[in-house]
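First the structure, in the form of structure tokens, and then the observations on it.
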Amino acid sequence: MKKYYRNFRRKGNTVFFLVLGGIFLALGVLAVFFMDGIVWEIVCFAAGALLVSLPMFAVHATYRIDGNKLRTRVFFPKKIPLDAVGAVIVTTYDSYRRWKGFQPETFRSSSGTDYDVPSVTFLKECDGEELDLCNTRTYTRLTYKKQLVFDAAADFDFLRELADAGYAGKVYVSERIYGMYGEAIDNIFGKDGRVTVFSRLPKKLEKLGRNI
């Protein structure tokens with residue numbers, strides 16, 4: 001089965017950690033020649049080696065469908081039965097940008113139009129009462145942190161595999177993402193009401209509006 005990357009911005013983060021790790025390794029080499037003792041050498045070499053190697057596992061973490069299970073890998077593989085996932089939330093993918101905080105990720109199509117990168121978040125269950133807060137991947141994690149299984153940058157080939165594998169849980173899609181990719185999402189999950197599109201309007205206000 002095809003593997004998919006959980007993180008969208010891999011190249012820039014890979015370069016950052018390689019450069020930072022390289023700086024510490026270079027400092028370790030300088031410490032060999034210009035400093036007495038081996039404490040600073042060990043510290044610099046160890047820090048450099050860790051920065052070059054360990055973050056790569058997280059930056060290049062993958063996920064995929066494995067039969068009737070979800071399989072994700074960071075340091076070690078983890079298998080999650082599909083029937084343990086009660087809800088999937090598809091919303092805007094955001095990631096941490098140094099000096100800028102968490103920012104939504106976008107890409108430009110061949111026509112010159114900017115699109116949000118979609119994310120997919122797997123939850124044990126979801127009552128749907130706080131979906132108005134889930135306009136990005138990070139806010140979804142914070143809102144449903146007790147129900148979180150894992151999240152990733154969404155790939156529509158993966159969503160197709162998820163549907164074909166027999167996923168029977170709920171599918172929630174943010175209004176913004178549905179406006180961009182609604183046709184593709186309907187082609188995957190159907191138009192029989194299985195997909196629930198949610199907005200930034202709180203449920204209480206929606207109910208109030210319907211009663212007026």
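Going through the structure tokens in order, the chains are called A, B, and so on, while each chain numbers its residues from 1 and the ligands are numbered from 1 in the order shown.
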
I'd like a table as a tab-separated table: residues in range 132-160 of chain A with an atom no more than 12 Å from range 53-61 of chain A, each row giving the shortest atom pair and its distance in Å to one decimal, only C-alpha atoms counted, sorted by chain and rising residue number.
```
residue	atom	partner	partner_atom	distance
A:Phe150	CA	A:Ala61	CA	11.6
A:Asp151	CA	A:Ala61	CA	11.1
A:Ala152	CA	A:Ala61	CA	9.3
A:Ala153	CA	A:Ala61	CA	10.8
```

Item to complete: Name the residues in contact with range 8-23 of chain A at a cut-off of 12 Å, using only C-alpha atoms, excluding same-chain residues fewer than 4 positions from it; report them as a PyMOL selection string.
Response: chain A and resi 4+27-30+43-62+92-98+103-107+116-119+151-155

For the residues in that selection, give me C-alpha atoms as a PDB file, in the first residue's frame.
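Result file is out-v5.pdb:
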```
ATOM      1  CA  TYR A   4       1.676   9.160   2.755  1.00  0.00           C
ATOM      2  CA  LEU A  27      31.693  23.264  17.007  1.00  0.00           C
ATOM      3  CA  GLY A  28      32.627  19.800  18.277  1.00  0.00           C
ATOM      4  CA  VAL A  29      35.507  19.642  15.792  1.00  0.00           C
ATOM      5  CA  LEU A  30      36.699  23.087  16.859  1.00  0.00           C
ATOM      6  CA  VAL A  43      28.104  17.847  24.183  1.00  0.00           C
ATOM      7  CA  CYS A  44      28.565  19.336  20.696  1.00  0.00           C
ATOM      8  CA  PHE A  45      28.926  15.997  18.908  1.00  0.00           C
ATOM      9  CA  ALA A  46      25.942  14.522  20.748  1.00  0.00           C
ATOM     10  CA  ALA A  47      23.740  17.563  20.071  1.00  0.00           C
ATOM     11  CA  GLY A  48      24.792  17.612  16.421  1.00  0.00           C
ATOM     12  CA  ALA A  49      24.091  13.911  15.940  1.00  0.00           C
ATOM     13  CA  LEU A  50      20.687  14.179  17.606  1.00  0.00           C
ATOM     14  CA  LEU A  51      19.665  17.218  15.548  1.00  0.00           C
ATOM     15  CA  VAL A  52      20.747  15.563  12.300  1.00  0.00           C
ATOM     16  CA  SER A  53      19.033  12.241  12.964  1.00  0.00           C
ATOM     17  CA  LEU A  54      16.139  12.246  15.457  1.00  0.00           C
ATOM     18  CA  PRO A  55      13.995  15.093  14.015  1.00  0.00           C
ATOM     19  CA  MET A  56      14.072  13.374  10.612  1.00  0.00           C
ATOM     20  CA  PHE A  57      11.860  10.610  11.972  1.00  0.00           C
ATOM     21  CA  ALA A  58       9.194  13.159  12.917  1.00  0.00           C
ATOM     22  CA  VAL A  59       9.598  15.354   9.829  1.00  0.00           C
ATOM     23  CA  HIS A  60       9.263  12.351   7.503  1.00  0.00           C
ATOM     24  CA  ALA A  61       6.643  10.447   9.522  1.00  0.00           C
ATOM     25  CA  THR A  62       4.262   8.425   7.349  1.00  0.00           C
ATOM     26  CA  THR A  92      -7.102  23.352   6.842  1.00  0.00           C
ATOM     27  CA  TYR A  93      -3.584  22.076   7.507  1.00  0.00           C
ATOM     28  CA  ASP A  94      -1.345  24.431   9.458  1.00  0.00           C
ATOM     29  CA  SER A  95       2.181  24.023  10.777  1.00  0.00           C
ATOM     30  CA  TYR A  96       4.674  25.870  12.930  1.00  0.00           C
ATOM     31  CA  ARG A  97       6.715  28.536  11.152  1.00  0.00           C
ATOM     32  CA  ARG A  98       9.743  29.789  13.018  1.00  0.00           C
ATOM     33  CA  GLN A 103       0.303  29.312   9.945  1.00  0.00           C
ATOM     34  CA  PRO A 104      -2.111  27.721   7.411  1.00  0.00           C
ATOM     35  CA  GLU A 105      -0.282  26.039   4.539  1.00  0.00           C
ATOM     36  CA  THR A 106      -1.271  26.783   0.949  1.00  0.00           C
ATOM     37  CA  PHE A 107      -0.159  25.754  -2.518  1.00  0.00           C
ATOM     38  CA  ASP A 116      -5.437  25.487   1.386  1.00  0.00           C
ATOM     39  CA  VAL A 117      -3.564  22.274   2.087  1.00  0.00           C
ATOM     40  CA  PRO A 118      -6.185  19.983   3.682  1.00  0.00           C
ATOM     41  CA  SER A 119      -5.563  18.010   6.855  1.00  0.00           C
ATOM     42  CA  ASP A 151      -3.540  13.781  12.352  1.00  0.00           C
ATOM     43  CA  ALA A 152      -1.750  14.385   9.061  1.00  0.00           C
ATOM     44  CA  ALA A 153      -1.681  16.338   5.848  1.00  0.00           C
ATOM     45  CA  ALA A 154      -4.572  14.896   3.823  1.00  0.00           C
ATOM     46  CA  ASP A 155      -4.053  13.163   0.495  1.00  0.00           C
TER      47      ASP A 155
END
```

Worksheet entry | Spatial neighbours of Leu131 in chain A, 12 Å, only C-alpha atoms, chain gap at least 4 places, as a ChimeraX atom specification | /A:87-91,126-127,135-137,139-144,171-175,196-204

Worksheet item: Quick one: DSSP helix (DSSP H, G or I) residues in range 53-175 of chain A, as an MDAnalysis selection string?
Response: chainID A and resid 53:59 82:84 131:133 137:143 156:164 175

Residues from last step as file, N, CA and C atoms, as a compact mmCIF listing (two decimals), in the first residue's frame:
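And here's part24.txt as it stands now:
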```txt
# COMPACT_ATOMS: atom_id res chain seq x y z
N SER A 53 19.72 13.52 13.14
CA SER A 53 19.03 12.24 12.96
C SER A 53 17.61 12.20 13.52
N LEU A 54 17.43 12.48 14.82
CA LEU A 54 16.14 12.25 15.46
C LEU A 54 14.98 13.04 14.85
N PRO A 55 15.14 14.37 14.59
CA PRO A 55 14.00 15.09 14.02
C PRO A 55 13.54 14.55 12.66
N MET A 56 14.44 13.89 11.92
CA MET A 56 14.07 13.37 10.61
C MET A 56 12.95 12.35 10.70
N PHE A 57 12.92 11.60 11.81
CA PHE A 57 11.86 10.61 11.97
C PHE A 57 10.50 11.29 12.07
N ALA A 58 10.45 12.44 12.77
CA ALA A 58 9.19 13.16 12.92
C ALA A 58 8.85 13.92 11.65
N VAL A 59 9.84 14.57 11.05
CA VAL A 59 9.60 15.35 9.83
C VAL A 59 9.09 14.47 8.70
N LEU A 82 -9.55 0.31 12.10
CA LEU A 82 -10.45 1.32 11.56
C LEU A 82 -11.70 1.49 12.41
N ASP A 83 -12.16 0.39 13.02
CA ASP A 83 -13.38 0.51 13.83
C ASP A 83 -13.14 1.22 15.15
N ALA A 84 -11.87 1.56 15.45
CA ALA A 84 -11.56 2.35 16.64
C ALA A 84 -11.65 3.85 16.34
N LEU A 131 -17.30 21.88 16.63
CA LEU A 131 -16.65 21.89 15.31
C LEU A 131 -16.36 23.30 14.81
N ASP A 132 -17.11 24.29 15.28
CA ASP A 132 -16.87 25.67 14.85
C ASP A 132 -15.47 26.14 15.20
N LEU A 133 -14.83 25.47 16.17
CA LEU A 133 -13.47 25.83 16.58
C LEU A 133 -12.41 25.17 15.71
N ARG A 137 -5.97 22.43 11.61
CA ARG A 137 -5.52 21.18 12.22
C ARG A 137 -5.15 21.37 13.70
N THR A 138 -4.42 22.44 14.00
CA THR A 138 -3.97 22.67 15.38
C THR A 138 -5.14 22.91 16.32
N TYR A 139 -6.12 23.73 15.89
CA TYR A 139 -7.28 23.97 16.73
C TYR A 139 -8.12 22.70 16.91
N THR A 140 -8.12 21.84 15.90
CA THR A 140 -8.84 20.57 16.02
C THR A 140 -8.17 19.69 17.07
N ARG A 141 -6.84 19.65 17.05
CA ARG A 141 -6.09 18.89 18.06
C ARG A 141 -6.41 19.39 19.46
N LEU A 142 -6.42 20.70 19.63
CA LEU A 142 -6.66 21.28 20.95
C LEU A 142 -8.11 21.07 21.40
N THR A 143 -9.04 21.18 20.48
CA THR A 143 -10.45 21.05 20.82
C THR A 143 -10.82 19.63 21.21
N PHE A 156 -5.86 12.97 -1.14
CA PHE A 156 -7.14 12.45 -1.60
C PHE A 156 -7.06 11.00 -2.05
N ASP A 157 -5.88 10.55 -2.46
CA ASP A 157 -5.71 9.13 -2.74
C ASP A 157 -5.88 8.32 -1.46
N PHE A 158 -5.36 8.86 -0.35
CA PHE A 158 -5.53 8.18 0.93
C PHE A 158 -7.00 8.15 1.34
N LEU A 159 -7.72 9.27 1.19
CA LEU A 159 -9.13 9.31 1.56
C LEU A 159 -9.92 8.29 0.75
N ARG A 160 -9.55 8.11 -0.52
CA ARG A 160 -10.18 7.08 -1.34
C ARG A 160 -9.90 5.69 -0.78
N GLU A 161 -8.66 5.44 -0.39
CA GLU A 161 -8.31 4.15 0.20
C GLU A 161 -9.05 3.94 1.52
N LEU A 162 -9.20 5.01 2.29
CA LEU A 162 -9.91 4.93 3.56
C LEU A 162 -11.36 4.51 3.34
N ALA A 163 -12.02 5.13 2.37
CA ALA A 163 -13.41 4.78 2.07
C ALA A 163 -13.50 3.35 1.54
N ASP A 164 -12.58 2.96 0.67
CA ASP A 164 -12.60 1.62 0.08
C ASP A 164 -12.29 0.53 1.12
N GLU A 175 -16.27 24.11 6.13
CA GLU A 175 -16.92 24.80 5.01
C GLU A 175 -15.90 25.32 4.01
```

Item to complete: Find the residues near Arg64 in chain A: any atom within 8 Å, counting only C-alpha atoms, skip ones fewer than 5 places away on the same chain, and give them as a VMD selection string.
Response: chain A and resid 1 to 4 70 to 72 158
